[in-house]
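The structure under discussion appears below in the form of structure tokens.
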Amino acid sequence: MRMRRGPVAISIRLFVLAAILCTANTETNAAQVAWQRDIRTAVQESGRVKKPLMIKFTASWCGFCHKMMKQTFSDERIAEHINYCFVPVSVDADQEKPLLDLLGVETLPTTLIVTPQGKVLKRIQGFQPPEKFAGHLAEICNRRPVQGAAYGATAGSAKPQTVQCAFERVCLPSVLDDHALRLGSTDHVVMYRGVTLCFASVDQKRKFLDSPRKYWPALDGICPVTATDNGARVRGNPEMAVVYRGRIWLCANELTRQQFAANPSKYAVE
């Protein structure tokens, strides 16, 4: 016999539904980070607003992922910093396994800072408490909103970013020694040949000071392919850097980078 649903049964269902919605809203408000859920949409947004992606890899079964959501990403200062500097996207590791393989994600939780072109700028593995995670964020982007700006500082104490770093703020020793594209911090700067260079750490800065010519891009950062083939002085793109004969060569785009890689001896002329 089919049970008739009376007013009491309907009221209970509505109560349960309201409780679920209330819980979901509470978790969203507590998290504060404006997580996107679709990686493809996030990549497009990253390119449009010229901000790196922050990809948080998580899974329902990952205990430390949940711990990091509750203790780190729910921190108001962390959330403001992330929303200000990055396009944050949450990725379910069980649903996006090809992406994990592509980016070399082997453990959870893992947070990656990635350019829209897929260059990994920072790899943060394992659980990170708020203070430690804040340090990782500052290595990539030191800018913070005025309200709640500095960690441990009073509101309104932050000053606007005034340092303009050359080479899109890319840390040159990281490119040459580690073959990695890392952004420098305005806490570690050097004036060289009339421009300001930013470095990812004190050690990277020291490396450059010990041997500046070693790390300074060949042709002062001019694209070697356009210079050779067209006689044009086109500024190279740090994301298209090539390391050859112990020097950094900055190509203008993907096409010139491929041309350089195919015949480096033709273009590696200073």
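So you can find residues: chains in the structure tokens are A, B, ... in the order shown, residues in each start at 1, and ligands are numbered from 1 in order.
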
Item to complete: Could you give me the residues within region 34-229 of chain A that DSSP places in strand (DSSP E), as a VMD selection string?
Response: chain A and resid 53 to 58 87 to 92 110 to 114 120 to 125 185 to 192 195 to 199

Keeping only C-alpha atoms, write the selected residues as a JSON list (two decimals), in the first residue's frame.
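part_35.json, freshly written:
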[["chain", "number", "residue", "atom", "x", "y", "z"],
["A", 53, "LEU", "CA", 45.93, 29.93, -11.41],
["A", 54, "MET", "CA", 45.90, 28.44, -7.94],
["A", 55, "ILE", "CA", 44.90, 24.81, -8.39],
["A", 56, "LYS", "CA", 43.92, 22.98, -5.21],
["A", 57, "PHE", "CA", 43.91, 19.21, -5.71],
["A", 58, "THR", "CA", 41.68, 17.48, -3.20],
["A", 87, "VAL", "CA", 42.33, 32.63, -9.89],
["A", 88, "PRO", "CA", 41.60, 29.80, -7.44],
["A", 89, "VAL", "CA", 40.14, 26.52, -8.68],
["A", 90, "SER", "CA", 39.38, 23.35, -6.72],
["A", 91, "VAL", "CA", 39.99, 20.08, -8.56],
["A", 92, "ASP", "CA", 38.70, 16.67, -7.50],
["A", 110, "THR", "CA", 48.81, 19.53, -3.39],
["A", 111, "THR", "CA", 48.41, 23.16, -4.39],
["A", 112, "LEU", "CA", 49.95, 24.44, -7.62],
["A", 113, "ILE", "CA", 50.48, 27.99, -8.84],
["A", 114, "VAL", "CA", 50.33, 27.77, -12.64],
["A", 120, "VAL", "CA", 54.19, 25.54, -12.82],
["A", 121, "LEU", "CA", 55.47, 28.47, -10.76],
["A", 122, "LYS", "CA", 55.09, 26.90, -7.32],
["A", 123, "ARG", "CA", 54.34, 23.41, -6.01],
["A", 124, "ILE", "CA", 53.04, 23.21, -2.43],
["A", 125, "GLN", "CA", 52.65, 19.66, -1.14],
["A", 185, "SER", "CA", 59.67, 38.64, -4.48],
["A", 186, "THR", "CA", 59.98, 42.37, -3.97],
["A", 187, "ASP", "CA", 61.65, 41.48, -0.66],
["A", 188, "HIS", "CA", 64.71, 40.32, -2.62],
["A", 189, "VAL", "CA", 65.70, 42.86, -5.26],
["A", 190, "VAL", "CA", 68.89, 43.99, -7.01],
["A", 191, "MET", "CA", 69.47, 46.97, -9.31],
["A", 192, "TYR", "CA", 71.46, 45.87, -12.35],
["A", 195, "VAL", "CA", 66.58, 47.76, -14.01],
["A", 196, "THR", "CA", 65.24, 46.10, -10.88],
["A", 197, "LEU", "CA", 65.54, 42.32, -10.68],
["A", 198, "CYS", "CA", 63.47, 40.28, -8.24],
["A", 199, "PHE", "CA", 64.52, 36.94, -6.79]]

Discussion item. Using only C-alpha atoms, which protein or nucleic acid residues come within 12 Å of Asn237 (chain A)? Drop anything in the same chain fewer than 4 positions from it, and give the result as a PyMOL selection string.
Written reply: chain A and resi 166-170+181+217+220-224+241-242+248-257

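Distances to Asn83 (chain A) were evaluated for A:Trp216, A:Trp35, A:Phe133, A:Trp61 using only C-alpha atoms, and the minimum falls at A:Trp35.
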
Practice prompt. State, in Å with one decimal place, the distance from CA of Cys62 (chain A) to CA of Leu100 (chain A).
Written response: 15.3 Å

Discussion item. Among region 91-253 of chain A, which ones does DSSP assign to alpha helix (DSSP H) (computed from the backbone)? Answer as a PyMOL selection string.
Written reply: chain A and resi 97-103+130-140+172-178+202-210+212-215+224-230

Write out, as a short mmCIF file (atom, residue, chain, number, x, y, z; two decimals), in the first residue's frame, the residues just selected, with N, CA and C atoms.
data_model
loop_
_atom_site.label_atom_id
_atom_site.label_comp_id
_atom_site.auth_asym_id
_atom_site.auth_seq_id
_atom_site.Cartn_x
_atom_site.Cartn_y
_atom_site.Cartn_z
N LYS A 97 42.02 12.77 -13.21
CA LYS A 97 43.30 12.05 -13.16
C LYS A 97 44.26 12.41 -14.29
N PRO A 98 43.78 12.62 -15.53
CA PRO A 98 44.72 13.04 -16.59
C PRO A 98 45.43 14.35 -16.26
N LEU A 99 44.72 15.27 -15.60
CA LEU A 99 45.34 16.54 -15.22
C LEU A 99 46.41 16.33 -14.16
N LEU A 100 46.17 15.40 -13.22
CA LEU A 100 47.17 15.09 -12.21
C LEU A 100 48.44 14.54 -12.85
N ASP A 101 48.26 13.66 -13.83
CA ASP A 101 49.42 13.08 -14.51
C ASP A 101 50.17 14.16 -15.29
N LEU A 102 49.42 15.05 -15.93
CA LEU A 102 50.04 16.11 -16.73
C LEU A 102 50.89 17.04 -15.87
N LEU A 103 50.40 17.35 -14.67
CA LEU A 103 51.10 18.29 -13.79
C LEU A 103 51.97 17.61 -12.75
N PRO A 130 48.27 28.08 8.25
CA PRO A 130 48.13 29.41 7.64
C PRO A 130 49.42 30.20 7.53
N GLU A 131 50.22 30.24 8.59
CA GLU A 131 51.44 31.05 8.58
C GLU A 131 52.41 30.57 7.51
N LYS A 132 52.57 29.25 7.41
CA LYS A 132 53.50 28.70 6.43
C LYS A 132 52.97 28.89 5.01
N PHE A 133 51.67 28.71 4.83
CA PHE A 133 51.08 28.88 3.51
C PHE A 133 51.17 30.33 3.05
N ALA A 134 51.06 31.25 4.00
CA ALA A 134 51.19 32.67 3.68
C ALA A 134 52.57 32.98 3.10
N GLY A 135 53.59 32.31 3.62
CA GLY A 135 54.94 32.50 3.10
C GLY A 135 55.05 32.03 1.65
N HIS A 136 54.41 30.92 1.33
CA HIS A 136 54.42 30.43 -0.05
C HIS A 136 53.73 31.43 -0.97
N LEU A 137 52.62 31.98 -0.53
CA LEU A 137 51.90 32.94 -1.36
C LEU A 137 52.75 34.18 -1.63
N ALA A 138 53.44 34.65 -0.60
CA ALA A 138 54.24 35.87 -0.73
C ALA A 138 55.39 35.71 -1.70
N GLU A 139 55.87 34.48 -1.87
CA GLU A 139 56.95 34.24 -2.83
C GLU A 139 56.50 34.50 -4.27
N ILE A 140 55.22 34.31 -4.52
CA ILE A 140 54.69 34.48 -5.87
C ILE A 140 54.07 35.85 -6.05
N LEU A 172 65.75 34.90 -12.36
CA LEU A 172 66.68 34.41 -13.39
C LEU A 172 67.48 33.17 -12.95
N PRO A 173 68.02 33.11 -11.72
CA PRO A 173 68.74 31.90 -11.32
C PRO A 173 67.86 30.65 -11.35
N SER A 174 66.58 30.80 -11.07
CA SER A 174 65.67 29.65 -11.12
C SER A 174 65.56 29.12 -12.55
N VAL A 175 65.54 30.02 -13.52
CA VAL A 175 65.45 29.60 -14.92
C VAL A 175 66.70 28.84 -15.33
N LEU A 176 67.88 29.39 -15.02
CA LEU A 176 69.12 28.78 -15.47
C LEU A 176 69.48 27.52 -14.69
N ASP A 177 69.39 27.56 -13.38
CA ASP A 177 69.85 26.44 -12.55
C ASP A 177 68.81 25.35 -12.38
N ASP A 178 67.55 25.74 -12.26
CA ASP A 178 66.50 24.76 -11.96
C ASP A 178 65.58 24.47 -13.14
N VAL A 202 66.63 34.63 -0.79
CA VAL A 202 67.93 35.26 -0.51
C VAL A 202 69.04 34.49 -1.22
N ASP A 203 68.97 33.17 -1.23
CA ASP A 203 69.99 32.36 -1.89
C ASP A 203 70.05 32.65 -3.39
N GLN A 204 68.90 32.80 -4.02
CA GLN A 204 68.87 33.10 -5.45
C GLN A 204 69.47 34.47 -5.72
N LYS A 205 69.17 35.40 -4.86
CA LYS A 205 69.74 36.75 -4.99
C LYS A 205 71.26 36.70 -4.86
N ARG A 206 71.75 35.92 -3.90
CA ARG A 206 73.20 35.80 -3.69
C ARG A 206 73.87 35.16 -4.91
N LYS A 207 73.22 34.17 -5.49
CA LYS A 207 73.77 33.54 -6.69
C LYS A 207 73.99 34.58 -7.79
N PHE A 208 72.99 35.42 -7.99
CA PHE A 208 73.11 36.43 -9.04
C PHE A 208 74.23 37.41 -8.74
N LEU A 209 74.32 37.87 -7.50
CA LEU A 209 75.35 38.84 -7.14
C LEU A 209 76.75 38.26 -7.30
N ASP A 210 76.90 36.96 -7.08
CA ASP A 210 78.20 36.31 -7.23
C ASP A 210 78.62 36.22 -8.70
N PRO A 212 76.70 37.86 -11.93
CA PRO A 212 75.57 38.46 -12.64
C PRO A 212 75.55 38.17 -14.14
N ARG A 213 76.70 38.15 -14.78
CA ARG A 213 76.69 37.90 -16.22
C ARG A 213 76.20 36.49 -16.56
N LYS A 214 76.48 35.56 -15.67
CA LYS A 214 76.04 34.18 -15.88
C LYS A 214 74.52 34.10 -16.00
N TYR A 215 73.83 34.90 -15.19
CA TYR A 215 72.38 34.79 -15.14
C TYR A 215 71.66 35.84 -15.99
N PRO A 224 66.54 36.23 -29.85
CA PRO A 224 67.63 35.96 -30.80
C PRO A 224 67.14 35.60 -32.20
N VAL A 225 65.97 35.02 -32.32
CA VAL A 225 65.45 34.61 -33.63
C VAL A 225 65.05 35.82 -34.46
N THR A 226 64.28 36.72 -33.89
CA THR A 226 63.87 37.91 -34.64
C THR A 226 65.06 38.81 -34.93
N ALA A 227 66.03 38.84 -34.01
CA ALA A 227 67.22 39.65 -34.22
C ALA A 227 68.04 39.11 -35.40
N THR A 228 68.16 37.79 -35.50
CA THR A 228 68.96 37.18 -36.57
C THR A 228 68.23 37.18 -37.90
N ASP A 229 66.96 36.78 -37.88
CA ASP A 229 66.23 36.62 -39.15
C ASP A 229 65.70 37.93 -39.70
N ASN A 230 65.32 38.85 -38.83
CA ASN A 230 64.67 40.08 -39.29
C ASN A 230 65.43 41.35 -38.92
#

Worksheet item: Which one of A:Gly184, A:Arg233, A:Thr107, A:Tyr244 sits closest to Ala262 (chain A) if you count only C-alpha atoms?
Response: A:Tyr244

Worksheet item: Using only C-alpha atoms, which of the listed residues (A:Gly118, A:Asn263, A:Arg193, A:Leu219) sits closest to Glu239 (chain A)?
Response: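 Of A:Gly118, A:Asn263, A:Arg193, A:Leu219, the one nearest Glu239 (chain A), counting only C-alpha atoms, is A:Gly118.
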